[in-house]
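Asker: This is the content of work11.pdb (PDB, C-alpha atoms):
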ATOM      1  CA  MET A  16     124.802 190.046 114.098
ATOM      2  CA  THR A  17     124.437 192.974 111.692
ATOM      3  CA  ARG A  18     126.257 192.364 108.424
ATOM      4  CA  THR A  19     127.103 195.015 105.836
ATOM      5  CA  SER A  20     128.165 194.461 102.244
ATOM      6  CA  SER A  21     131.198 196.702 102.736
ATOM      7  CA  SER A  22     132.718 194.712 105.604
ATOM      8  CA  LEU A  23     134.703 191.556 105.018
ATOM      9  CA  PRO A  24     133.496 188.494 106.923
ATOM     10  CA  LYS A  25     135.552 186.939 109.676
ATOM     11  CA  VAL A  26     134.543 183.411 108.647
ATOM     12  CA  SER A  27     133.850 181.949 105.222
ATOM     13  CA  VAL A  28     131.807 178.742 105.179
ATOM     14  CA  CYS A  29     132.561 176.775 102.024
ATOM     15  CA  VAL A  30     129.978 174.242 100.853
ATOM     16  CA  ILE A  31     130.443 171.908  97.907
ATOM     17  CA  THR A  32     127.471 170.109  96.406
ATOM     18  CA  TYR A  33     126.528 167.825  93.536
ATOM     19  CA  ASN A  34     123.126 166.180  93.123
ATOM     20  CA  GLN A  35     122.153 166.607  96.776
ATOM     21  CA  VAL A  36     118.597 167.827  96.308
ATOM     22  CA  GLY A  37     117.418 165.952  99.392
ATOM     23  CA  TYR A  38     120.043 167.430 101.699
ATOM     24  CA  LEU A  39     121.255 170.874 100.627
ATOM     25  CA  ALA A  40     118.390 172.901 102.113
ATOM     26  CA  THR A  41     119.034 171.433 105.574
ATOM     27  CA  CYS A  42     122.756 172.118 105.207
ATOM     28  CA  LEU A  43     122.349 175.752 104.168
ATOM     29  CA  GLN A  44     119.630 176.530 106.728
ATOM     30  CA  SER A  45     121.822 175.130 109.511
ATOM     31  CA  ILE A  46     124.576 177.585 108.540
ATOM     32  CA  VAL A  47     122.331 180.601 107.982
ATOM     33  CA  ASP A  48     120.852 180.061 111.468
ATOM     34  CA  GLN A  49     124.249 180.218 113.214
ATOM     35  CA  LYS A  50     124.409 182.879 115.962
ATOM     36  CA  THR A  51     127.755 184.700 116.038
ATOM     37  CA  ASN A  52     129.293 187.954 117.246
ATOM     38  CA  PHE A  53     131.038 188.324 113.875
ATOM     39  CA  SER A  54     129.998 188.401 110.234
ATOM     40  CA  PHE A  55     130.267 185.332 108.029
ATOM     41  CA  GLU A  56     129.634 184.399 104.418
ATOM     42  CA  ILE A  57     128.545 181.144 102.799
ATOM     43  CA  ILE A  58     130.104 180.180  99.459
ATOM     44  CA  VAL A  59     128.389 177.279  97.708
ATOM     45  CA  GLY A  60     129.930 175.541  94.726
ATOM     46  CA  ASP A  61     127.501 173.496  92.642
ATOM     47  CA  ASP A  62     129.256 171.045  90.328
ATOM     48  CA  CYS A  63     126.647 171.009  87.518
ATOM     49  CA  SER A  64     123.914 169.191  89.458
ATOM     50  CA  THR A  65     121.125 167.679  87.377
ATOM     51  CA  ASP A  66     118.584 166.762  90.082
ATOM     52  CA  GLY A  67     117.173 170.091  91.257
ATOM     53  CA  THR A  68     119.988 171.009  93.624
ATOM     54  CA  GLN A  69     120.621 174.224  91.683
ATOM     55  CA  LYS A  70     116.981 175.283  92.158
ATOM     56  CA  ILE A  71     117.405 175.001  95.922
ATOM     57  CA  LEU A  72     120.674 176.923  95.821
ATOM     58  CA  ARG A  73     119.177 179.728  93.704
ATOM     59  CA  ALA A  74     116.268 180.060  96.130
ATOM     60  CA  PHE A  75     118.585 180.303  99.150
ATOM     61  CA  ALA A  76     120.920 182.720  97.359
ATOM     62  CA  ALA A  77     117.972 185.003  96.552
ATOM     63  CA  ARG A  78     116.568 184.844 100.085
ATOM     64  CA  TYR A  79     119.922 185.332 101.846
ATOM     65  CA  LYS A  80     121.752 187.336  99.201
ATOM     66  CA  GLU A  81     123.704 189.295 101.812
ATOM     67  CA  ILE A  82     125.604 186.203 102.945
ATOM     68  CA  ILE A  83     125.258 183.417 100.349
ATOM     69  CA  ARG A  84     127.544 183.536  97.300
ATOM     70  CA  PRO A  85     126.777 180.761  94.801
ATOM     71  CA  ILE A  86     129.290 179.413  92.299
ATOM     72  CA  TYR A  87     127.836 177.419  89.415
ATOM     73  CA  GLN A  88     130.478 175.333  87.668
ATOM     74  CA  THR A  89     130.030 175.355  83.884
ATOM     75  CA  VAL A  90     131.283 171.765  83.562
ATOM     76  CA  ASN A  91     131.393 168.915  86.044
ATOM     77  CA  THR A  92     134.844 169.343  87.579
ATOM     78  CA  GLY A  93     134.757 166.660  90.280
ATOM     79  CA  GLY A  94     134.843 167.120  94.038
ATOM     80  CA  GLY A  95     138.501 168.097  94.370
ATOM     81  CA  PRO A  96     138.638 170.955  91.830
ATOM     82  CA  ASN A  97     135.236 172.205  92.997
ATOM     83  CA  HIS A  98     136.540 172.248  96.563
ATOM     84  CA  ILE A  99     139.624 174.234  95.595
ATOM     85  CA  ALA A 100     137.622 176.757  93.553
ATOM     86  CA  VAL A 101     135.138 177.414  96.348
ATOM     87  CA  HIS A 102     137.827 177.797  99.013
ATOM     88  CA  ALA A 103     139.814 180.114  96.733
ATOM     89  CA  ALA A 104     136.828 182.493  96.688
ATOM     90  CA  ALA A 105     136.676 182.770 100.497
ATOM     91  CA  ARG A 106     137.295 186.226 101.980
ATOM     92  CA  GLY A 107     137.266 185.418 105.690
ATOM     93  CA  ASP A 108     140.182 185.100 108.114
ATOM     94  CA  TYR A 109     138.992 181.579 108.881
ATOM     95  CA  ILE A 110     137.504 179.056 106.457
ATOM     96  CA  ALA A 111     135.060 176.313 107.449
ATOM     97  CA  HIS A 112     134.194 173.415 105.159
ATOM     98  CA  ILE A 113     130.873 171.554 105.029
ATOM     99  CA  ASP A 114     129.816 169.020 102.395
ATOM    100  CA  GLY A 115     126.349 169.703 101.022
ATOM    101  CA  ASP A 116     124.828 166.550 102.528
ATOM    102  CA  ASP A 117     126.035 167.302 106.069
ATOM    103  CA  TYR A 118     124.830 170.037 108.402
ATOM    104  CA  ALA A 119     125.908 172.228 111.308
ATOM    105  CA  LEU A 120     124.554 172.369 114.856
ATOM    106  CA  PRO A 121     124.061 175.572 116.888
ATOM    107  CA  GLY A 122     127.251 177.204 118.140
ATOM    108  CA  LYS A 123     129.581 175.621 115.586
ATOM    109  CA  LEU A 124     131.028 178.729 113.948
ATOM    110  CA  GLN A 125     131.342 180.742 117.154
ATOM    111  CA  LYS A 126     133.123 177.998 119.113
ATOM    112  CA  GLN A 127     135.577 177.174 116.349
ATOM    113  CA  ALA A 128     136.430 180.801 115.603
ATOM    114  CA  ASP A 129     136.848 181.538 119.305
ATOM    115  CA  TYR A 130     139.259 178.620 119.589
ATOM    116  CA  LEU A 131     141.415 179.793 116.695
ATOM    117  CA  ASP A 132     141.416 183.322 118.145
ATOM    118  CA  ALA A 133     142.700 182.025 121.482
ATOM    119  CA  HIS A 134     145.221 179.477 120.148
ATOM    120  CA  PRO A 135     147.661 180.893 117.572
ATOM    121  CA  GLU A 136     149.607 177.620 117.671
ATOM    122  CA  CYS A 137     146.594 175.821 116.123
ATOM    123  CA  ASN A 138     146.169 175.797 112.343
ATOM    124  CA  ILE A 139     143.057 173.590 112.094
ATOM    125  CA  VAL A 140     140.170 172.984 114.480
ATOM    126  CA  TRP A 141     137.679 170.144 114.034
ATOM    127  CA  HIS A 142     134.869 168.908 116.285
ATOM    128  CA  ARG A 143     132.922 165.747 117.061
ATOM    129  CA  VAL A 144     129.824 164.942 115.008
ATOM    130  CA  GLY A 145     126.675 162.900 115.095
ATOM    131  CA  ARG A 146     126.050 160.438 112.272
ATOM    132  CA  GLN A 147     122.839 159.981 110.335
ATOM    133  CA  ARG A 148     121.700 157.385 107.822
ATOM    134  CA  ASP A 149     118.917 158.065 105.333
ATOM    135  CA  GLY A 150     115.497 157.775 106.925
ATOM    136  CA  GLU A 151     116.894 157.562 110.447
ATOM    137  CA  ASP A 152     117.414 159.987 113.303
ATOM    138  CA  PRO A 153     120.991 161.086 114.062
ATOM    139  CA  CYS A 154     123.104 158.875 116.334
ATOM    140  CA  TRP A 155     125.212 160.778 118.830
ATOM    141  CA  PRO A 156     128.646 159.928 120.234
ATOM    142  CA  LYS A 157     128.688 158.977 123.887
ATOM    143  CA  GLU A 158     128.941 161.691 126.518
ATOM    144  CA  LEU A 159     132.531 162.334 127.580
ATOM    145  CA  GLY A 160     132.023 164.513 130.622
ATOM    146  CA  VAL A 161     134.496 167.362 131.047
ATOM    147  CA  VAL A 162     137.456 166.610 128.774
ATOM    148  CA  LYS A 163     140.163 168.599 127.038
ATOM    149  CA  PRO A 164     140.434 168.866 123.242
ATOM    150  CA  LEU A 165     142.642 166.380 121.406
ATOM    151  CA  TYR A 166     145.796 167.745 119.783
ATOM    152  CA  PHE A 167     147.579 166.381 116.707
ATOM    153  CA  THR A 168     150.817 167.155 114.890
ATOM    154  CA  LYS A 169     151.513 166.200 111.281
ATOM    155  CA  GLY A 170     153.410 163.150 112.540
ATOM    156  CA  ASP A 171     150.396 162.115 114.609
ATOM    157  CA  CYS A 172     148.120 162.340 111.564
ATOM    158  CA  LEU A 173     150.548 160.312 109.468
ATOM    159  CA  ALA A 174     150.419 157.574 112.102
ATOM    160  CA  LEU A 175     146.664 157.740 112.736
ATOM    161  CA  GLY A 176     145.100 158.734 109.417
ATOM    162  CA  SER A 177     142.174 161.167 109.362
ATOM    163  CA  VAL A 178     141.329 162.301 112.886
ATOM    164  CA  ALA A 179     137.922 163.916 112.253
ATOM    165  CA  VAL A 180     135.139 164.319 109.702
ATOM    166  CA  HIS A 181     136.052 166.740 106.912
ATOM    167  CA  SER A 182     132.798 168.686 107.318
ATOM    168  CA  SER A 183     133.842 169.632 110.859
ATOM    169  CA  LYS A 184     136.939 171.523 109.723
ATOM    170  CA  MET A 185     137.834 175.204 110.169
ATOM    171  CA  TYR A 186     141.300 176.514 109.334
ATOM    172  CA  ARG A 187     143.250 179.732 108.886
ATOM    173  CA  ALA A 188     142.701 181.261 105.433
ATOM    174  CA  SER A 189     146.419 181.952 105.045
ATOM    175  CA  LEU A 190     146.892 178.171 104.739
ATOM    176  CA  ARG A 191     144.463 177.519 101.891
ATOM    177  CA  VAL A 192     145.685 175.602  98.836
ATOM    178  CA  ASP A 193     144.597 177.424  95.665
ATOM    179  CA  TYR A 194     145.951 175.022  93.063
ATOM    180  CA  PHE A 195     144.510 171.553  92.640
ATOM    181  CA  ASP A 196     147.698 170.154  91.121
ATOM    182  CA  LEU A 197     149.303 170.371  94.575
ATOM    183  CA  ILE A 198     146.838 167.703  95.714
ATOM    184  CA  LYS A 199     147.743 164.405  94.099
ATOM    185  CA  TYR A 200     145.706 161.820  95.947
ATOM    186  CA  GLN A 201     143.061 162.247  98.670
ATOM    187  CA  TYR A 202     142.322 165.947  98.942
ATOM    188  CA  ASP A 203     140.756 166.086 102.423
ATOM    189  CA  TYR A 204     143.479 164.102 104.228
ATOM    190  CA  GLU A 205     146.287 165.543 102.135
ATOM    191  CA  LEU A 206     145.043 169.092 102.741
ATOM    192  CA  ASP A 207     145.029 168.432 106.481
ATOM    193  CA  LEU A 208     148.671 167.346 106.388
ATOM    194  CA  LEU A 209     149.705 170.366 104.321
ATOM    195  CA  GLN A 210     147.816 172.825 106.495
ATOM    196  CA  ILE A 211     148.879 171.505 109.905
ATOM    197  CA  GLY A 212     152.483 172.068 108.845
ATOM    198  CA  ASP A 213     154.767 172.408 111.856
ATOM    199  CA  ARG A 214     151.935 173.424 114.203
ATOM    200  CA  ILE A 215     148.933 171.471 115.444
ATOM    201  CA  GLY A 216     145.351 170.539 114.643
ATOM    202  CA  THR A 217     142.743 170.257 117.389
ATOM    203  CA  VAL A 218     139.531 168.241 117.758
ATOM    204  CA  LEU A 219     137.030 169.888 120.097
ATOM    205  CA  PRO A 220     134.946 167.602 122.361
ATOM    206  CA  ASP A 221     131.758 169.489 121.396
ATOM    207  CA  ILE A 222     129.292 167.808 119.009
ATOM    208  CA  LEU A 223     128.727 170.647 116.521
ATOM    209  CA  GLY A 224     127.590 168.960 113.329
ATOM    210  CA  VAL A 225     125.999 165.924 111.710
ATOM    211  CA  TYR A 226     127.679 163.722 109.111
ATOM    212  CA  ARG A 227     125.304 161.904 106.798
ATOM    213  CA  ILE A 228     126.127 158.336 105.795
ATOM    214  CA  VAL A 229     124.794 158.017 102.257
ATOM    215  CA  GLY A 230     125.074 154.665 100.480
ATOM    216  CA  GLY A 231     127.076 151.637 101.516
ATOM    217  CA  GLY A 232     130.752 150.768 101.635
ATOM    218  CA  LEU A 233     132.556 149.100  98.741
ATOM    219  CA  SER A 234     135.002 146.283  99.231
ATOM    220  CA  SER A 235     136.441 145.852  95.733
ATOM    221  CA  ILE A 236     139.728 147.656  95.132
ATOM    222  CA  SER A 237     138.546 148.575  91.622
ATOM    223  CA  HIS A 238     135.637 150.452  93.236
ATOM    224  CA  ASN A 239     137.509 151.837  96.241
ATOM    225  CA  PRO A 240     139.400 154.968  95.159
ATOM    226  CA  SER A 241     139.698 156.195  98.763
ATOM    227  CA  TRP A 242     141.842 153.177  99.635
ATOM    228  CA  ARG A 243     144.133 153.808  96.673
ATOM    229  CA  MET A 244     144.365 157.535  97.377
ATOM    230  CA  LEU A 245     145.213 157.064 101.057
ATOM    231  CA  ASN A 246     148.007 154.670 100.162
ATOM    232  CA  GLY A 247     149.234 157.143  97.541
ATOM    233  CA  VAL A 248     149.455 159.918 100.141
ATOM    234  CA  LEU A 249     151.367 157.708 102.551
ATOM    235  CA  ALA A 250     153.812 156.472  99.908
ATOM    236  CA  GLU A 251     154.460 160.092  98.880
ATOM    237  CA  TYR A 252     155.268 161.150 102.461
ATOM    238  CA  TYR A 253     157.415 158.062 102.971
ATOM    239  CA  GLN A 254     159.634 159.231 100.103
ATOM    240  CA  SER A 255     159.516 163.008 100.567
ATOM    241  CA  GLU A 256     159.762 163.283 104.367
ATOM    242  CA  PRO A 257     161.932 160.396 105.620
ATOM    243  CA  HIS A 258     161.798 161.623 109.236
ATOM    244  CA  TYR A 259     158.162 160.464 109.248
ATOM    245  CA  ARG A 260     158.817 157.002 107.814
ATOM    246  CA  GLY A 261     158.158 155.252 111.114
ATOM    247  CA  GLN A 262     154.721 156.860 111.476
ATOM    248  CA  VAL A 263     153.796 156.271 107.817
ATOM    249  CA  SER A 264     154.904 152.648 107.909
ATOM    250  CA  SER A 265     152.961 152.037 111.131
ATOM    251  CA  LEU A 266     149.729 153.267 109.550
ATOM    252  CA  LEU A 267     150.313 151.067 106.491
ATOM    253  CA  LEU A 268     150.907 148.141 108.851
ATOM    254  CA  MET A 269     147.671 148.854 110.691
ATOM    255  CA  LEU A 270     145.741 149.093 107.401
ATOM    256  CA  ALA A 271     147.216 145.763 106.275
ATOM    257  CA  ILE A 272     146.248 144.088 109.564
ATOM    258  CA  VAL A 273     142.678 145.415 109.327
ATOM    259  CA  ASP A 274     142.344 144.352 105.679
ATOM    260  CA  VAL A 275     143.635 140.831 106.406
ATOM    261  CA  LYS A 276     141.399 140.521 109.492
ATOM    262  CA  ASN A 277     138.336 141.571 107.476
ATOM    263  CA  ARG A 278     139.338 139.397 104.500
ATOM    264  CA  ARG A 279     139.094 142.287 102.089
ATOM    265  CA  ALA A 280     139.694 141.673  98.410
ATOM    266  CA  TYR A 281     142.734 143.940  98.366
ATOM    267  CA  LYS A 282     144.460 142.561 101.490
ATOM    268  CA  TRP A 283     147.483 141.378  99.502
ATOM    269  CA  LEU A 284     147.933 144.852  98.030
ATOM    270  CA  SER A 285     147.870 146.270 101.570
ATOM    271  CA  ILE A 286     150.610 143.858 102.604
ATOM    272  CA  LYS A 287     152.615 144.770  99.492
ATOM    273  CA  ASN A 288     152.258 148.491 100.248
ATOM    274  CA  TYR A 289     153.514 147.963 103.783
ATOM    275  CA  ILE A 290     156.521 145.961 102.584
ATOM    276  CA  SER A 291     157.306 148.611  99.933
ATOM    277  CA  ASN A 292     157.283 151.326 102.601
ATOM    278  CA  PHE A 293     158.758 149.340 105.461
ATOM    279  CA  SER A 294     160.428 150.940 108.459
ATOM    280  CA  VAL A 295     162.021 149.050 111.335
ATOM    281  CA  SER A 296     160.197 151.390 113.727
ATOM    282  CA  SER A 297     156.733 150.647 112.324
ATOM    283  CA  VAL A 298     155.825 148.205 115.110
ATOM    284  CA  TYR A 299     157.081 150.681 117.738
ATOM    285  CA  TYR A 300     154.835 153.439 116.380
ATOM    286  CA  LEU A 301     151.917 151.037 115.985
ATOM    287  CA  PHE A 302     152.001 150.369 119.733
ATOM    288  CA  LYS A 303     152.919 153.948 120.632
ATOM    289  CA  TYR A 304     149.737 155.255 119.008
ATOM    290  CA  ALA A 305     147.457 152.472 120.220
ATOM    291  CA  ARG A 306     146.084 154.575 123.077
ATOM    292  CA  ARG A 307     145.486 157.616 120.842
ATOM    293  CA  ARG A 308     143.719 155.374 118.328
ATOM    294  CA  ARG A 309     141.411 153.974 121.020
ATOM    295  CA  GLN A 310     140.783 157.497 122.298
ATOM    296  CA  LEU A 311     139.794 158.697 118.830
ATOM    297  CA  ARG A 312     137.546 155.679 118.340
ATOM    298  CA  ASP A 313     135.786 156.382 121.639
ATOM    299  CA  TRP A 314     135.297 160.052 120.734
ATOM    300  CA  MET A 315     133.746 159.250 117.371
ATOM    301  CA  ARG A 316     131.798 156.068 118.203
ATOM    302  CA  THR A 317     128.004 156.291 118.050
TER
END
For this file, write the structure as structure tokens.
Answerer:
Amino acid sequence: MTRTSSSLPKVSVCVITYNQVGYLATCLQSIVDQKTNFSFEIIVGDDCSTDGTQKILRAFAARYKEIIRPIYQTVNTGGGPNHIAVHAAARGDYIAHIDGDDYALPGKLQKQADYLDAHPECNIVWHRVGRQRDGEDPCWPKELGVVKPLYFTKGDCLALGSVAVHSSKMYRASLRVDYFDLIKYQYDYELDLLQIGDRIGTVLPDILGVYRIVGGGLSSISHNPSWRMLNGVLAEYYQSEPHYRGQVSSLLLMLAIVDVKNRRAYKWLSIKNYISNFSVSSVYYLFKYARRRRQLRDWMRT
């Protein structure tokens, strides 16, 4: 695809990175190599890396200066503000997000943009991914045969939690959130809820990217900010949008059951959160979404 500096891109690919010297080159090369019938740009926000990541970014920006736009933060802002700043700089009609330690597979940008073109009722499109641990080859989800995409409303996401890997996301630029103070808790999940709005999000059955699993999980609540942030999002929606209380309460119930089953250190806090945000319909929604939950698990399992 011929790209000119005077034409605006159709797709902006936003990459955020911090101390990912071992991964960023693979990420950026996988995007540069995408074959499309439209122009795209790559905006990379480096959050004051200290390990050589900036050297890699400067080399790529010099080599592919017609499509790569680097942003070098002057202070370490943290992942959320860096994310917002990079997405705010996007000029495309559609915005894709990829974390700097993940990477794209061939066809990703074309298939996602084509889907949004053909489905005006869809605000966000994700896709399935492979998963890769350090030093290992990627593991791929099982083959599904010929299947239709999965569709999700805001209510579905409040009952199920995150439905896809954040690095698989593409959304309409008109829905971007430019101010970090609108995001109070977990920015990827909370952004999804805000951007789906009263329309839908879709997960494509195609495997179009690889999500790297770096480091191990943490079980202590004092070292598990994601757990706290997820519960903060759900408590906020329980109060602000009471018509979703059944879905929210069902997800809190599921989280409490999983935490008790796995004997996690914060299981009693999970139970307390469920009781604090109790709805009489929580058990109904827990069973109602059981099939969708199994379906999602099968789609993502490697």
Asker: Fewer than 5 positions away in the same chain doesn't count, so skip those; otherwise give me all residues within 9 Å of segment 203-220 of chain A, counting all atoms listed in the file, as a PDB file with C-alpha atoms, keeping the file's coordinate frame.
Answerer:
ATOM      1  CA  GLY A  95     138.501 168.097  94.370  1.00  0.00           C
ATOM      2  CA  GLN A 127     135.577 177.174 116.349  1.00  0.00           C
ATOM      3  CA  GLU A 136     149.607 177.620 117.671  1.00  0.00           C
ATOM      4  CA  CYS A 137     146.594 175.821 116.123  1.00  0.00           C
ATOM      5  CA  ASN A 138     146.169 175.797 112.343  1.00  0.00           C
ATOM      6  CA  ILE A 139     143.057 173.590 112.094  1.00  0.00           C
ATOM      7  CA  VAL A 140     140.170 172.984 114.480  1.00  0.00           C
ATOM      8  CA  TRP A 141     137.679 170.144 114.034  1.00  0.00           C
ATOM      9  CA  HIS A 142     134.869 168.908 116.285  1.00  0.00           C
ATOM     10  CA  ARG A 143     132.922 165.747 117.061  1.00  0.00           C
ATOM     11  CA  LEU A 159     132.531 162.334 127.580  1.00  0.00           C
ATOM     12  CA  VAL A 161     134.496 167.362 131.047  1.00  0.00           C
ATOM     13  CA  VAL A 162     137.456 166.610 128.774  1.00  0.00           C
ATOM     14  CA  LYS A 163     140.163 168.599 127.038  1.00  0.00           C
ATOM     15  CA  PRO A 164     140.434 168.866 123.242  1.00  0.00           C
ATOM     16  CA  LEU A 165     142.642 166.380 121.406  1.00  0.00           C
ATOM     17  CA  TYR A 166     145.796 167.745 119.783  1.00  0.00           C
ATOM     18  CA  PHE A 167     147.579 166.381 116.707  1.00  0.00           C
ATOM     19  CA  THR A 168     150.817 167.155 114.890  1.00  0.00           C
ATOM     20  CA  LYS A 169     151.513 166.200 111.281  1.00  0.00           C
ATOM     21  CA  GLY A 170     153.410 163.150 112.540  1.00  0.00           C
ATOM     22  CA  CYS A 172     148.120 162.340 111.564  1.00  0.00           C
ATOM     23  CA  LEU A 173     150.548 160.312 109.468  1.00  0.00           C
ATOM     24  CA  GLY A 176     145.100 158.734 109.417  1.00  0.00           C
ATOM     25  CA  SER A 177     142.174 161.167 109.362  1.00  0.00           C
ATOM     26  CA  VAL A 178     141.329 162.301 112.886  1.00  0.00           C
ATOM     27  CA  ALA A 179     137.922 163.916 112.253  1.00  0.00           C
ATOM     28  CA  HIS A 181     136.052 166.740 106.912  1.00  0.00           C
ATOM     29  CA  TYR A 186     141.300 176.514 109.334  1.00  0.00           C
ATOM     30  CA  ARG A 187     143.250 179.732 108.886  1.00  0.00           C
ATOM     31  CA  LEU A 190     146.892 178.171 104.739  1.00  0.00           C
ATOM     32  CA  ARG A 191     144.463 177.519 101.891  1.00  0.00           C
ATOM     33  CA  VAL A 192     145.685 175.602  98.836  1.00  0.00           C
ATOM     34  CA  ILE A 198     146.838 167.703  95.714  1.00  0.00           C
ATOM     35  CA  LEU A 245     145.213 157.064 101.057  1.00  0.00           C
ATOM     36  CA  VAL A 248     149.455 159.918 100.141  1.00  0.00           C
ATOM     37  CA  TRP A 314     135.297 160.052 120.734  1.00  0.00           C
TER      38      TRP A 314
END
Asker: Quick one: of A:Val28, A:Ile272, A:Ala40, A:Leu120, who's nearest to Ile58 of chain A, counting only C-alpha atoms?
Answerer: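 Nearest to Ile58 of chain A: A:Val28.
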Asker: Give me, please, the distance in Å between atom CA of Val101 of chain A and atom CA of Asp149 of chain A, quoted to one decimal.
Answerer: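 Result for atom CA of Val101 of chain A versus atom CA of Asp149 of chain A: 26.8 Å, one decimal.
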Asker: Please, what distance in Å, to one decimal, runs between atom CA of His134 of chain A and atom CA of Ser22 of chain A?
Answerer: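 About the pair atom CA of His134 of chain A and atom CA of Ser22 of chain A: they are 24.5 Å apart.
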Asker: Restricting the calculation to all atoms listed in the file: of A:Gly150, A:Pro121, A:Gly60, A:Pro96, which residue gets closest to Val229 of chain A?
Answerer: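 Checking each of A:Gly150, A:Pro121, A:Gly60, A:Pro96 against Val229 of chain A, counting all atoms listed in the file, the winner is A:Gly150.
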Asker: Around segment 298-307 of chain A, with edges along x, y and z and 8 Å added on all six sides, what centre and edge lengths do you get, in Å to one decimal, as AutoDock Vina command-line options?
Answerer:
--center_x 151.3 --center_y 152.9 --center_z 119.1 --size_x 27.6 --size_y 25.4 --size_z 24.0
Asker: If I take atom CA of Val26 of chain A and atom CA of Thr68 of chain A, how far is one from the other in Å, to one decimal?
Answerer: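 Atom CA of Val26 of chain A sits 24.3 Å away from atom CA of Thr68 of chain A.
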Asker: Under the rule that all atoms listed in the file are counted, which of A:Gln88, A:Ile286, A:Cys154, A:Ala280 is the nearest residue to Asn246 of chain A?
Answerer: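 When distances to Asn246 of chain A are compared using all atoms listed in the file, the smallest one comes from A:Ile286.
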Asker: Could you tell me, as a list in words, exactly which residues end up selected when the PyMOL selection byres ((chain A and resi 70) around 12) is applied to this structure?
Answerer: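 On this input, the PyMOL selection byres ((chain A and resi 70) around 12) captures Asn34, Gln35, Val36, Gly37, Leu39, Ala40, Asp61, Cys63, Ser64, Thr65, Asp66, Gly67, Thr68, Gln69, Ile71, Leu72, Arg73, Ala74, Phe75, Ala76, Ala77, Pro85 and Tyr87 of chain A.
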Asker: For this file, the PyMOL selection byres ((chain A and resi 222) around 6) selects which residues, as JSON, numbers by chain?
Answerer: {"A": [143, 144, 221, 223]}
Asker: Compare A:Trp242, A:Thr41, A:Val59, A:Val30 by their minimum atom-to-atom distance to Arg279 of chain A, counting all atoms listed in the file, and give me the closest one.
Answerer: A:Trp242
Asker: Step by step, work through what the PyMOL selection byres ((chain A and resi 112-115) around 8) selects in the shown file, and finish by giving those residues as a list in words.
Answerer: Val28, Cys29, Val30, Ile31, Thr32, Tyr33, Gln35, Tyr38, Leu39, Cys42, Leu43, Ile110, Ala111, Asp116, Asp117, Tyr118, His181, Ser182, Ser183, Lys184 and Met185 of chain A
Asker: From the options A:Gln147, A:Ile57, A:Ile99, A:Lys282, which residue's atoms come nearest to Arg84 of chain A, counting all atoms listed in the file?
Answerer: A:Ile57
Asker: Which one is closest to Arg227 of chain A: A:Ser189, A:Leu131, A:Tyr304, A:Asp152? Count only C-alpha atoms.
Answerer: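 Going through A:Ser189, A:Leu131, A:Tyr304, A:Asp152 one by one, the smallest distance to Arg227 of chain A is for A:Asp152.
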Asker: Compile the contact shell of Leu124 of chain A as a list in words: residues with an atom at most 8 Å away, counting all atoms listed in the file, same-chain residues fewer than 2 positions apart removed.
Answerer: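 After dropping sequence-adjacent residues, the list is Val26, Gln49, Thr51, Gly122, Lys126, Gln127 and Ala128 of chain A.
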Asker: Set the distance at 7 Å and use only C-alpha atoms: which residues neighbour Phe55 of chain A once local chain neighbours fewer than 5 positions away are removed? I'd like the list as a compact mmCIF listing (two decimals) with C-alpha atoms, in the coordinates of the input.
Answerer:
# COMPACT_ATOMS: atom_id res chain seq x y z
CA PRO A 24 133.50 188.49 106.92
CA LYS A 25 135.55 186.94 109.68
CA VAL A 26 134.54 183.41 108.65
CA SER A 27 133.85 181.95 105.22
CA ILE A 82 125.60 186.20 102.94
Asker: Please list as a VMD selection string every residue within 7 Å of Ser294 of chain A, counting all atoms listed in the file and excluding residues in the same chain fewer than 4 positions away.
Answerer: chain A and resid 260 to 261 264
Asker: Which neighbours of Ser285 of chain A fall inside 9 Å, counting all atoms listed in the file, when residues of the same chain fewer than 5 positions from it are skipped, and could you give them as a list in words?
Answerer: Asn246, Leu267, Leu268, Leu270, Ala271, Ile272, Asp274, Val275 and Ile290 of chain A
